[in-house]
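Q: Structure file query.txt (compact mmCIF, C-alpha atoms and all ligand atoms) right here:
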# COMPACT_ATOMS: atom_id res chain seq x y z
CA MET A 1 -96.66 -3.50 57.99
CA ILE A 2 -97.11 -0.65 60.42
CA PRO A 3 -94.07 -0.96 62.71
CA PRO A 4 -93.95 -0.26 66.45
CA GLY A 5 -93.38 3.44 67.03
CA SER A 6 -96.26 4.28 64.68
CA THR A 7 -99.52 5.94 65.63
CA ILE A 8 -102.84 4.11 65.56
CA GLY A 9 -105.90 6.28 64.97
CA ILE A 10 -109.04 5.00 66.70
CA LEU A 11 -112.51 6.18 65.69
CA GLY A 12 -114.65 6.09 68.82
CA GLY A 13 -113.74 6.98 72.38
CA GLY A 14 -115.36 4.35 74.62
CA GLN A 15 -113.99 1.59 76.81
CA LEU A 16 -113.15 -0.64 73.84
CA GLY A 17 -110.84 2.06 72.50
CA ARG A 18 -109.42 2.51 75.99
CA MET A 19 -108.47 -1.17 76.14
CA ILE A 20 -107.05 -1.12 72.59
CA ALA A 21 -104.86 1.86 73.56
CA LEU A 22 -103.75 0.13 76.76
CA ALA A 23 -102.74 -2.93 74.71
CA ALA A 24 -101.02 -0.86 72.02
CA ALA A 25 -98.64 0.77 74.52
CA PRO A 26 -96.54 -2.30 75.42
CA LEU A 27 -96.10 -2.99 71.70
CA GLY A 28 -94.65 0.49 71.29
CA TYR A 29 -97.56 2.18 69.51
CA ARG A 30 -99.17 5.52 70.26
CA CYS A 31 -102.91 6.05 69.90
CA HIS A 32 -104.87 9.03 68.65
CA ILE A 33 -108.60 9.03 69.47
CA PHE A 34 -111.22 10.67 67.26
CA CYS A 35 -114.72 11.08 68.71
CA PRO A 36 -117.27 13.82 69.30
CA ASP A 37 -118.17 12.97 72.91
CA ASP A 38 -117.59 15.23 75.95
CA GLU A 39 -116.04 12.38 77.85
CA ALA A 40 -113.90 9.68 76.26
CA PRO A 41 -112.57 6.78 78.34
CA ALA A 42 -110.18 5.99 75.47
CA ALA A 43 -108.77 9.50 75.27
CA ASP A 44 -107.78 9.35 78.96
CA VAL A 45 -105.13 6.74 78.11
CA ALA A 46 -104.15 7.87 74.60
CA ALA A 47 -101.47 10.26 73.38
CA THR A 48 -103.83 12.51 71.44
CA TRP A 49 -107.53 13.26 71.21
CA THR A 50 -109.34 14.99 68.37
CA ARG A 51 -112.74 15.93 69.70
CA ALA A 52 -114.87 16.56 66.63
CA PRO A 53 -118.00 15.24 64.95
CA TYR A 54 -117.60 12.47 62.39
CA ASP A 55 -118.67 14.80 59.57
CA ASN A 56 -116.00 17.44 60.20
CA LEU A 57 -113.88 16.92 57.07
CA ALA A 58 -111.07 19.25 58.11
CA ALA A 59 -110.73 17.44 61.44
CA LEU A 60 -110.82 14.05 59.67
CA ASP A 61 -108.08 15.15 57.25
CA ALA A 62 -105.86 16.44 60.07
CA PHE A 63 -106.45 13.19 61.98
CA ALA A 64 -105.57 11.09 58.92
CA ALA A 65 -102.40 13.11 58.41
CA ALA A 66 -101.32 12.51 62.02
CA ILE A 67 -101.73 8.71 62.10
CA ASP A 68 -100.26 5.67 60.32
CA VAL A 69 -103.26 3.32 60.40
CA ALA A 70 -106.89 3.81 61.40
CA THR A 71 -109.33 1.48 63.12
CA VAL A 72 -112.73 1.60 64.82
CA GLU A 73 -113.86 0.72 68.31
CA PHE A 74 -117.51 1.34 67.41
CA GLU A 75 -119.21 0.12 64.23
CA ASN A 76 -121.57 2.99 63.53
CA VAL A 77 -118.97 5.46 62.30
CA PRO A 78 -120.53 7.09 59.21
CA ALA A 79 -119.35 5.61 55.91
CA ALA A 80 -118.25 9.01 54.56
CA ALA A 81 -115.80 9.44 57.47
CA LEU A 82 -114.32 6.00 56.86
CA GLU A 83 -113.91 6.69 53.15
CA ARG A 84 -112.30 10.06 53.82
CA ILE A 85 -109.69 8.45 56.06
CA ALA A 86 -109.21 5.46 53.76
CA ALA A 87 -108.23 7.87 50.96
CA ALA A 88 -105.21 8.91 53.04
CA LYS A 89 -104.21 5.98 55.27
CA PRO A 90 -104.90 2.25 55.67
CA MET A 91 -108.38 1.89 57.22
CA ARG A 92 -108.64 -1.48 58.99
CA PRO A 93 -111.30 -2.82 58.87
CA GLY A 94 -112.32 -1.21 55.58
CA ALA A 95 -115.44 0.83 54.89
CA ASN A 96 -116.91 -2.14 52.98
CA VAL A 97 -116.90 -4.26 56.16
CA LEU A 98 -118.71 -1.57 58.14
CA ALA A 99 -121.22 -1.05 55.33
CA VAL A 100 -122.33 -4.67 55.75
CA THR A 101 -122.20 -4.85 59.54
CA GLN A 102 -124.04 -1.54 60.04
CA ASP A 103 -127.10 -3.14 58.42
CA ARG A 104 -128.65 -6.20 60.08
CA LEU A 105 -130.28 -7.22 56.80
CA ALA A 106 -127.05 -7.05 54.77
CA GLU A 107 -125.30 -8.99 57.54
CA LYS A 108 -127.87 -11.79 57.53
CA ALA A 109 -128.00 -11.83 53.72
CA LEU A 110 -124.23 -12.38 53.68
CA ALA A 111 -124.63 -15.31 56.09
CA THR A 112 -127.32 -16.82 53.87
CA ARG A 113 -125.15 -16.40 50.78
CA LEU A 114 -122.35 -18.28 52.57
CA GLY A 115 -124.69 -21.10 53.64
CA ILE A 116 -124.58 -20.06 57.30
CA ALA A 117 -127.83 -20.67 59.21
CA THR A 118 -129.62 -17.79 60.96
CA ALA A 119 -133.04 -17.22 62.50
CA PRO A 120 -135.70 -16.89 59.78
CA TYR A 121 -135.69 -13.21 58.73
CA PHE A 122 -137.61 -10.83 56.49
CA ALA A 123 -137.10 -7.24 55.45
CA VAL A 124 -139.81 -4.89 56.68
CA SER A 125 -139.86 -1.37 55.26
CA SER A 126 -143.58 -0.59 55.12
CA ALA A 127 -146.73 -1.33 57.09
CA ILE A 128 -147.87 -3.59 54.26
CA GLU A 129 -144.64 -5.58 54.42
CA ALA A 130 -144.95 -5.78 58.21
CA GLY A 131 -148.37 -7.38 57.83
CA ILE A 132 -147.36 -9.74 55.02
CA THR A 133 -144.12 -10.99 56.58
CA ALA A 134 -145.92 -11.78 59.84
CA ARG A 135 -147.75 -14.53 57.95
CA HIS A 136 -144.46 -16.32 57.32
CA LEU A 137 -143.84 -16.81 61.03
CA THR A 138 -145.62 -18.83 63.63
CA GLY A 139 -144.97 -18.07 67.28
CA GLY A 140 -142.69 -15.38 68.63
CA ALA A 141 -140.66 -12.86 66.69
CA ILE A 142 -138.36 -9.90 67.19
CA LEU A 143 -138.57 -6.78 65.08
CA LYS A 144 -135.23 -4.92 64.92
CA THR A 145 -134.23 -1.69 63.21
CA ARG A 146 -131.72 -2.51 60.47
CA ARG A 147 -129.36 0.24 61.65
CA MET A 148 -127.94 1.72 64.86
CA GLY A 149 -129.29 -0.82 67.36
CA TYR A 150 -127.17 -2.00 70.30
CA ASP A 151 -127.68 -3.47 73.79
CA GLY A 152 -131.26 -4.37 72.81
CA LYS A 153 -132.05 -0.79 71.74
CA GLY A 154 -134.10 -0.57 68.54
CA GLN A 155 -135.83 -3.91 68.94
CA ILE A 156 -139.20 -5.14 70.12
CA ALA A 157 -140.04 -8.72 71.07
CA ILE A 158 -143.43 -9.89 69.81
CA ALA A 159 -144.98 -12.83 71.69
CA ALA A 160 -147.23 -13.87 68.79
CA ALA A 161 -146.31 -12.51 65.36
CA THR A 162 -149.77 -11.62 64.05
CA PRO A 163 -149.96 -8.98 61.29
CA ASP A 164 -151.46 -6.47 63.75
CA ALA A 165 -148.73 -7.05 66.33
CA VAL A 166 -145.92 -6.67 63.78
CA VAL A 167 -147.46 -3.52 62.27
CA GLU A 168 -147.79 -2.03 65.76
CA ALA A 169 -144.16 -2.86 66.60
CA TRP A 170 -143.05 -1.34 63.29
CA ARG A 171 -144.86 1.90 64.16
CA LYS A 172 -143.31 1.93 67.65
CA LEU A 173 -139.82 1.61 66.17
CA GLY A 174 -140.46 4.78 64.15
CA GLU A 175 -141.43 3.30 60.76
CA VAL A 176 -137.79 2.89 59.74
CA PRO A 177 -136.36 -0.03 57.71
CA CYS A 178 -136.46 -3.12 59.92
CA ILE A 179 -135.81 -6.83 59.94
CA LEU A 180 -138.34 -9.26 61.37
CA GLU A 181 -136.75 -12.35 62.89
CA GLY A 182 -138.35 -15.54 64.12
CA PHE A 183 -137.71 -16.07 67.81
CA VAL A 184 -135.01 -18.69 68.39
CA ASP A 185 -135.48 -20.87 71.44
CA PHE A 186 -131.74 -21.24 71.95
CA ALA A 187 -130.00 -23.37 74.59
CA LEU A 188 -127.18 -20.87 74.91
CA GLU A 189 -125.51 -17.90 73.27
CA ILE A 190 -121.86 -17.94 72.27
CA SER A 191 -119.47 -15.65 70.44
CA VAL A 192 -116.37 -16.33 68.44
CA ILE A 193 -113.69 -13.66 68.34
CA ILE A 194 -111.46 -14.03 65.34
CA ALA A 195 -108.53 -11.97 64.11
CA ARG A 196 -107.47 -11.61 60.50
CA GLY A 197 -104.37 -9.88 59.22
CA PRO A 198 -103.93 -7.93 55.95
CA ASP A 199 -102.21 -11.03 54.51
CA GLY A 200 -105.20 -13.26 55.36
CA GLN A 201 -103.68 -15.03 58.37
CA ILE A 202 -106.40 -15.95 60.87
CA ALA A 203 -106.54 -16.87 64.56
CA ALA A 204 -109.71 -17.52 66.57
CA PHE A 205 -110.30 -17.71 70.29
CA GLU A 206 -112.37 -20.68 71.44
CA PRO A 207 -116.01 -19.58 71.83
CA PHE A 208 -117.19 -17.60 74.85
CA GLU A 209 -120.56 -18.34 76.45
CA ASN A 210 -122.66 -15.24 77.01
CA ARG A 211 -125.58 -14.45 79.29
CA HIS A 212 -127.61 -11.30 78.84
CA ALA A 213 -129.75 -9.41 81.34
CA HIS A 214 -132.12 -6.70 80.08
CA HIS A 215 -130.55 -7.22 76.61
CA ILE A 216 -127.12 -6.18 77.88
CA LEU A 217 -124.28 -8.67 78.19
CA ALA A 218 -124.14 -9.61 81.87
CA GLU A 219 -121.60 -12.41 81.98
CA SER A 220 -119.18 -14.28 79.71
CA ARG A 221 -117.57 -17.62 80.53
CA TRP A 222 -114.60 -19.37 79.03
CA PRO A 223 -114.72 -22.13 77.96
CA ALA A 224 -118.34 -22.31 76.81
CA ALA A 225 -120.33 -25.39 77.81
CA ILE A 226 -120.36 -26.85 74.29
CA GLY A 227 -118.77 -29.93 72.73
CA PRO A 228 -115.81 -29.92 70.33
CA GLU A 229 -118.05 -30.38 67.29
CA ILE A 230 -119.93 -27.16 68.01
CA VAL A 231 -116.64 -25.36 68.69
CA THR A 232 -115.41 -26.42 65.25
CA ARG A 233 -118.62 -25.37 63.53
CA ALA A 234 -118.79 -22.01 65.31
CA GLU A 235 -115.18 -21.25 64.37
CA ALA A 236 -115.88 -22.20 60.76
CA VAL A 237 -118.78 -19.72 60.67
CA ALA A 238 -116.57 -16.90 61.97
CA ARG A 239 -113.76 -17.78 59.57
CA SER A 240 -116.04 -17.86 56.58
CA LEU A 241 -117.54 -14.44 57.44
CA ALA A 242 -114.15 -12.83 58.10
CA GLN A 243 -112.82 -14.11 54.78
CA ALA A 244 -115.89 -13.13 52.78
CA LEU A 245 -115.76 -9.61 54.22
CA ASP A 246 -111.97 -9.40 53.69
CA HIS A 247 -111.95 -8.18 57.28
CA VAL A 248 -108.73 -6.93 58.85
CA GLY A 249 -108.54 -6.76 62.63
CA VAL A 250 -110.50 -8.50 65.34
CA MET A 251 -114.15 -9.30 64.72
CA ALA A 252 -116.79 -10.99 66.87
CA VAL A 253 -119.63 -13.19 65.70
CA GLU A 254 -122.56 -13.71 68.07
CA MET A 255 -124.34 -17.04 67.64
CA PHE A 256 -127.19 -19.06 69.10
CA VAL A 257 -126.76 -22.76 69.87
CA THR A 258 -129.99 -24.76 69.94
CA ALA A 259 -130.73 -27.81 72.07
CA GLY A 260 -130.38 -29.88 68.88
CA GLY A 261 -126.81 -28.58 68.40
CA GLU A 262 -127.59 -26.18 65.57
CA VAL A 263 -125.40 -23.06 65.32
CA LEU A 264 -127.19 -19.92 64.08
CA MET A 265 -125.42 -16.64 63.37
CA ASN A 266 -127.02 -13.71 65.20
CA GLU A 267 -124.81 -10.71 64.49
CA ILE A 268 -121.32 -9.55 63.59
CA ALA A 269 -119.39 -6.90 65.49
CA PRO A 270 -116.47 -5.79 63.26
CA ARG A 271 -114.34 -4.89 66.27
CA VAL A 272 -113.16 -6.05 69.68
CA HIS A 273 -116.12 -7.27 71.74
CA ASN A 274 -117.37 -7.21 75.31
CA SER A 275 -117.44 -11.02 75.46
CA GLY A 276 -113.67 -11.12 74.92
CA HIS A 277 -112.63 -8.91 77.82
CA LEU A 278 -111.60 -11.95 79.83
CA THR A 279 -108.83 -12.65 77.31
CA ILE A 280 -106.87 -9.85 79.00
CA GLU A 281 -106.10 -12.17 81.89
CA ALA A 282 -107.11 -15.62 80.61
CA ALA A 283 -105.48 -15.87 77.15
CA ALA A 284 -101.90 -15.91 75.93
CA THR A 285 -102.77 -12.83 73.84
CA SER A 286 -105.65 -10.48 74.69
CA GLN A 287 -108.22 -9.61 72.01
CA PHE A 288 -106.93 -6.03 72.23
CA ALA A 289 -103.28 -6.95 71.64
CA GLN A 290 -104.48 -9.26 68.87
CA HIS A 291 -106.37 -6.41 67.23
CA VAL A 292 -103.25 -4.21 67.30
CA ARG A 293 -101.20 -7.04 65.79
CA ALA A 294 -103.81 -7.67 63.08
CA ILE A 295 -104.28 -4.05 61.96
CA CYS A 296 -100.53 -3.41 62.03
CA GLY A 297 -99.73 -6.53 60.01
CA LEU A 298 -97.70 -8.15 62.78
CA PRO A 299 -97.79 -11.93 63.34
CA LEU A 300 -100.96 -12.86 65.24
CA GLY A 301 -100.48 -14.02 68.82
CA SER A 302 -101.46 -17.34 70.40
CA THR A 303 -105.14 -17.57 71.36
CA GLU A 304 -104.44 -20.32 73.88
CA ARG A 305 -106.56 -20.34 77.02
CA ARG A 306 -104.28 -20.11 80.06
CA ALA A 307 -107.05 -20.20 82.68
CA ASP A 308 -110.80 -20.71 82.88
CA ALA A 309 -112.56 -17.41 83.46
CA VAL A 310 -115.80 -15.62 84.14
CA MET A 311 -116.23 -11.95 83.23
CA ARG A 312 -119.04 -9.95 84.77
CA ASN A 313 -120.01 -6.53 83.48
CA LEU A 314 -120.42 -3.78 86.03
CA VAL A 315 -123.51 -2.07 84.63
CA GLY A 316 -124.92 1.05 86.33
CA ASP A 317 -124.83 0.92 90.14
CA ALA A 318 -123.04 -2.45 90.17
CA VAL A 319 -119.82 -0.47 89.80
CA LEU A 320 -120.21 0.65 93.41
CA GLU A 321 -119.05 -2.84 94.39
CA TRP A 322 -115.49 -1.91 93.42
CA PRO A 323 -114.05 -1.68 96.97
CA LYS A 324 -115.18 -5.25 97.71
CA LEU A 325 -113.91 -6.57 94.38
CA LEU A 326 -110.46 -5.17 95.12
CA LEU A 327 -110.23 -7.41 98.19
CA ASP A 328 -110.65 -10.62 96.16
CA ALA A 329 -107.27 -11.89 95.03
CA GLY A 330 -108.87 -13.94 92.22
CA SER A 331 -110.68 -10.96 90.71
CA HIS A 332 -109.29 -8.49 88.18
CA LEU A 333 -111.12 -5.20 88.25
CA HIS A 334 -111.38 -2.85 85.27
CA LEU A 335 -113.02 0.55 85.68
CA TYR A 336 -113.61 2.70 82.63
CA GLY A 337 -113.29 6.08 84.33
CA LYS A 338 -116.78 7.29 83.36
CA SER A 339 -117.79 10.17 85.60
CA GLU A 340 -121.53 9.56 85.71
CA ILE A 341 -123.29 6.32 86.67
CA ARG A 342 -126.38 5.75 84.55
CA GLN A 343 -128.75 2.81 84.46
CA GLY A 344 -127.71 0.39 81.73
CA ARG A 345 -124.33 2.09 81.27
CA LYS A 346 -121.27 -0.16 81.18
CA MET A 347 -119.04 1.28 83.93
CA GLY A 348 -116.45 -1.50 84.22
CA HIS A 349 -116.02 -5.25 84.38
CA VAL A 350 -114.46 -7.84 86.62
CA THR A 351 -112.78 -11.07 85.52
CA ARG A 352 -112.37 -14.01 87.88
CA LEU A 353 -109.83 -16.65 86.95
CA PHE A 354 -110.10 -20.36 87.77
CA PRO A 355 -107.56 -23.14 87.25
CA LEU A 356 -107.46 -24.44 83.68
CA GLY A 357 -110.15 -27.12 83.31
CA ALA A 358 -111.99 -26.17 86.54
CA MET A 359 -115.10 -25.04 84.66
CA THR A 360 -115.43 -27.99 82.28
N1 LIG A 401 -134.08 -14.01 66.77
C1 LIG A 401 -133.86 -14.03 68.10
N2 LIG A 401 -134.35 -15.04 68.86
C2 LIG A 401 -134.15 -15.07 70.19
N3 LIG A 401 -133.45 -14.14 70.88
C3 LIG A 401 -132.91 -13.12 70.18
C4 LIG A 401 -133.09 -13.01 68.76
N4 LIG A 401 -132.44 -11.90 68.36
C5 LIG A 401 -131.91 -11.34 69.47
N5 LIG A 401 -132.18 -12.06 70.58
C6 LIG A 401 -131.73 -11.77 71.95
O1 LIG A 401 -131.52 -10.37 72.11
C7 LIG A 401 -130.13 -10.09 72.32
C8 LIG A 401 -129.74 -8.81 71.59
O2 LIG A 401 -130.00 -8.93 70.20
P1 LIG A 401 -128.90 -8.58 69.10
O3 LIG A 401 -129.47 -8.92 67.77
O4 LIG A 401 -127.62 -9.23 69.46
O5 LIG A 401 -128.83 -7.00 69.18
P2 LIG A 401 -127.83 -6.01 69.93
O6 LIG A 401 -127.21 -5.26 68.80
O7 LIG A 401 -128.71 -5.18 70.77
O8 LIG A 401 -126.83 -6.83 70.69
C9 LIG A 401 -129.42 -11.33 71.81
O9 LIG A 401 -128.15 -11.47 72.40
C10 LIG A 401 -130.40 -12.41 72.22
O10 LIG A 401 -130.30 -12.68 73.61
MG MG A 402 -125.84 -8.52 70.12
Take the structure from the file and write it as structure tokens.
A:
Amino acid sequence: MIPPGSTIGILGGGQLGRMIALAAAPLGYRCHIFCPDDEAPAADVAATWTRAPYDNLAALDAFAAAIDVATVEFENVPAAALERIAAAKPMRPGANVLAVTQDRLAEKALATRLGIATAPYFAVSSAIEAGITARHLTGGAILKTRRMGYDGKGQIAIAAATPDAVVEAWRKLGEVPCILEGFVDFALEISVIIARGPDGQIAAFEPFENRHAHHILAESRWPAAIGPEIVTRAEAVARSLAQALDHVGVMAVEMFVTAGGEVLMNEIAPRVHNSGHLTIEAAATSQFAQHVRAICGLPLGSTERRADAVMRNLVGDAVLEWPKLLLDAGSHLHLYGKSEIRQGRKMGHVTRLFPLGAMT
């Protein structure tokens, strides 16, 4: 157990780290941010900031010496940095979890091993493989880089997966190791956010329903428009993955739900997740407070829904709506303090609450 009064080290300096630090404060923890960026929304609300690249061993060692437990707010922290810290202090989640979730193929292979359904997928690491795998699919496909993709970056949708089309997409993505997925004609997208403590205790939030625009999460709703059977199945998928990974902390699993009621795993985020931001106002415990509890070995909080809610991301220029949003008593505005507005950049979010049951 890492008791209140301790210091949590967070690798990554974005808005997710900012909201973890804001949730750590009322529980009596201090946060120390480690990230290389010029601007760090998390560092603005944390006690300490080490601004250094993830391969600076001296900086990593000093960081590890200054904290009591380390976590991540971004899953692409290099494995060597995680291992360096793990040699000195508890690293939660562990480097093994990030090794799997940094690679879309390893992630899907884990799902398959656990009997969890996914879109059909194939490894593509050469032009020859690109051509051959295309023959296994009829209809649409998506080619994704195995590593470093986010918000739709590093993926190309292919309307008809012919060998030529897949080879061309593979060249466009830079001839790096990829995964070719069959296109899923889903009815809706959901995510399950689950927390797991070092002792194995688990608590899941009911699924969120997610809508994307331009491959970036646009809106999340709680509860999702799905029946209790799908809720149970989706939670079982998240639980099984968290246990198999021996994950510690909060983790999100993105899933597709088909018209026939099938639940397919899409991807795992081994961290707090954009779709759970509405838990700040709508749940008994926010995903951020839950993450702090989980990594510190405290009892997990209640995931009960206290209100129905809709969260909308303020992406790019949409953030300029902030004066209007402040006038709406039902809206809770969160701005991330980023100095420059850029297209596709998450600048803030707004959560609207509705009476419990109003959305069902
Ligand atoms: N196999 C697929 N079939 C249909 N849509 C998909 C498929 N894979 C991804 N998508 C769509 O693209 C979005 C982003 O893909 P995802 O794999 O989650 O990557 P990212 O890391 O960019 O979030 C998904 O939320 C979904 O809307
Ligand atoms: Mg995704």
Q: Just the residues within 10 Å of Gly337 in chain A, please, counting all atoms listed in the file, with nothing from its chain fewer than 3 positions along; format it as a CSV table (one decimal) with C-alpha atoms, in the coordinates of the input.
A:
chain,number,residue,atom,x,y,z
A,15,GLN,CA,-114.0,1.6,76.8
A,18,ARG,CA,-109.4,2.5,76.0
A,39,GLU,CA,-116.0,12.4,77.8
A,40,ALA,CA,-113.9,9.7,76.3
A,41,PRO,CA,-112.6,6.8,78.3
A,42,ALA,CA,-110.2,6.0,75.5
A,44,ASP,CA,-107.8,9.4,79.0
A,334,HIS,CA,-111.4,-2.8,85.3
A,340,GLU,CA,-121.5,9.6,85.7
A,347,MET,CA,-119.0,1.3,83.9
A,348,GLY,CA,-116.4,-1.5,84.2
Q: At most 7 Å is the cut-off: for each residue in chain A with any atom that close to an atom of ligand MG 402 (chain A), write down the nearest atom pair and the distance in Å rounded to one decimal, counting all atoms listed in the file, chain first then increasing number, as a Markdown table.
A:
| residue | atom | partner | partner_atom | distance |
| --- | --- | --- | --- | --- |
| A:Tyr150 | CA | A:MG402 | MG | 6.7 |
| A:Asp151 | CA | A:MG402 | MG | 6.5 |
| A:Glu254 | CA | A:MG402 | MG | 6.5 |
| A:Glu267 | CA | A:MG402 | MG | 6.1 |
Q: Taking only C-alpha atoms into account, name the residue in A:Tyr54, A:Phe122, A:Phe63, A:Phe205 that is nearest to Pro78 in chain A.
A: A:Tyr54
Q: Distance table requested - chain A against ligand LIG 401 (chain A), cut-off 6 Å, only C-alpha atoms and all ligand atoms: one row per qualifying residue with the closest atom pair and its distance in Å to one decimal, ordered by chain and rising residue number, as CSV.
A:
residue,atom,partner,partner_atom,distance
A:Ala119,CA,A:LIG401,N1,5.4
A:Ile142,CA,A:LIG401,N1,5.9
A:Gly149,CA,A:LIG401,O6,5.1
A:Tyr150,CA,A:LIG401,O7,3.6
A:Asp151,CA,A:LIG401,O7,3.6
A:Gly152,CA,A:LIG401,O7,3.4
A:Lys153,CA,A:LIG401,O7,5.6
A:Glu181,CA,A:LIG401,N1,5.0
A:Gly182,CA,A:LIG401,N1,5.3
A:Phe183,CA,A:LIG401,N2,3.7
A:Val184,CA,A:LIG401,N2,3.7
A:His215,CA,A:LIG401,C7,5.2
A:Asn266,CA,A:LIG401,O3,6.0
A:Glu267,CA,A:LIG401,O4,5.9
Q: Enter the distance from CA of Ala159 in chain A to CA of Phe186 in chain A, in Å, rounded to one decimal.
A: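 Straight-line distance from CA of Ala159 in chain A to CA of Phe186 in chain A works out to 15.7 Å.
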Q: So which one's closest to Ile226 in chain A, A:Val97, A:Ala46, A:Ala259, A:Ala70? Using only C-alpha atoms, please.
A: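 For Ile226 in chain A, the nearest of the given residues is A:Ala259.
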Q: Please determine, counting only C-alpha atoms, which residue among A:Glu107, A:Gly174, A:Ala123, A:Pro270 has the shortest atom-to-atom distance to Val77 in chain A.
A: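 Answer, going by the shortest atom-to-atom distance: A:Pro270.
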Q: Tell me, as a PDB file with C-alpha atoms, keeping the file's coordinate frame, which residues lie within 12 Å of Leu114 in chain A, counting all atoms listed in the file; anything in the same chain fewer than 4 positions away does not count.
A:
ATOM      1  CA  GLU A 107    -125.300  -8.990  57.540  1.00  0.00           C
ATOM      2  CA  LYS A 108    -127.870 -11.790  57.530  1.00  0.00           C
ATOM      3  CA  ALA A 109    -128.000 -11.830  53.720  1.00  0.00           C
ATOM      4  CA  LEU A 110    -124.230 -12.380  53.680  1.00  0.00           C
ATOM      5  CA  THR A 118    -129.620 -17.790  60.960  1.00  0.00           C
ATOM      6  CA  ALA A 236    -115.880 -22.200  60.760  1.00  0.00           C
ATOM      7  CA  VAL A 237    -118.780 -19.720  60.670  1.00  0.00           C
ATOM      8  CA  ALA A 238    -116.570 -16.900  61.970  1.00  0.00           C
ATOM      9  CA  ARG A 239    -113.760 -17.780  59.570  1.00  0.00           C
ATOM     10  CA  SER A 240    -116.040 -17.860  56.580  1.00  0.00           C
ATOM     11  CA  LEU A 241    -117.540 -14.440  57.440  1.00  0.00           C
ATOM     12  CA  ALA A 242    -114.150 -12.830  58.100  1.00  0.00           C
ATOM     13  CA  GLN A 243    -112.820 -14.110  54.780  1.00  0.00           C
ATOM     14  CA  ALA A 244    -115.890 -13.130  52.780  1.00  0.00           C
ATOM     15  CA  LEU A 245    -115.760  -9.610  54.220  1.00  0.00           C
ATOM     16  CA  MET A 265    -125.420 -16.640  63.370  1.00  0.00           C
TER      17      MET A 265
END
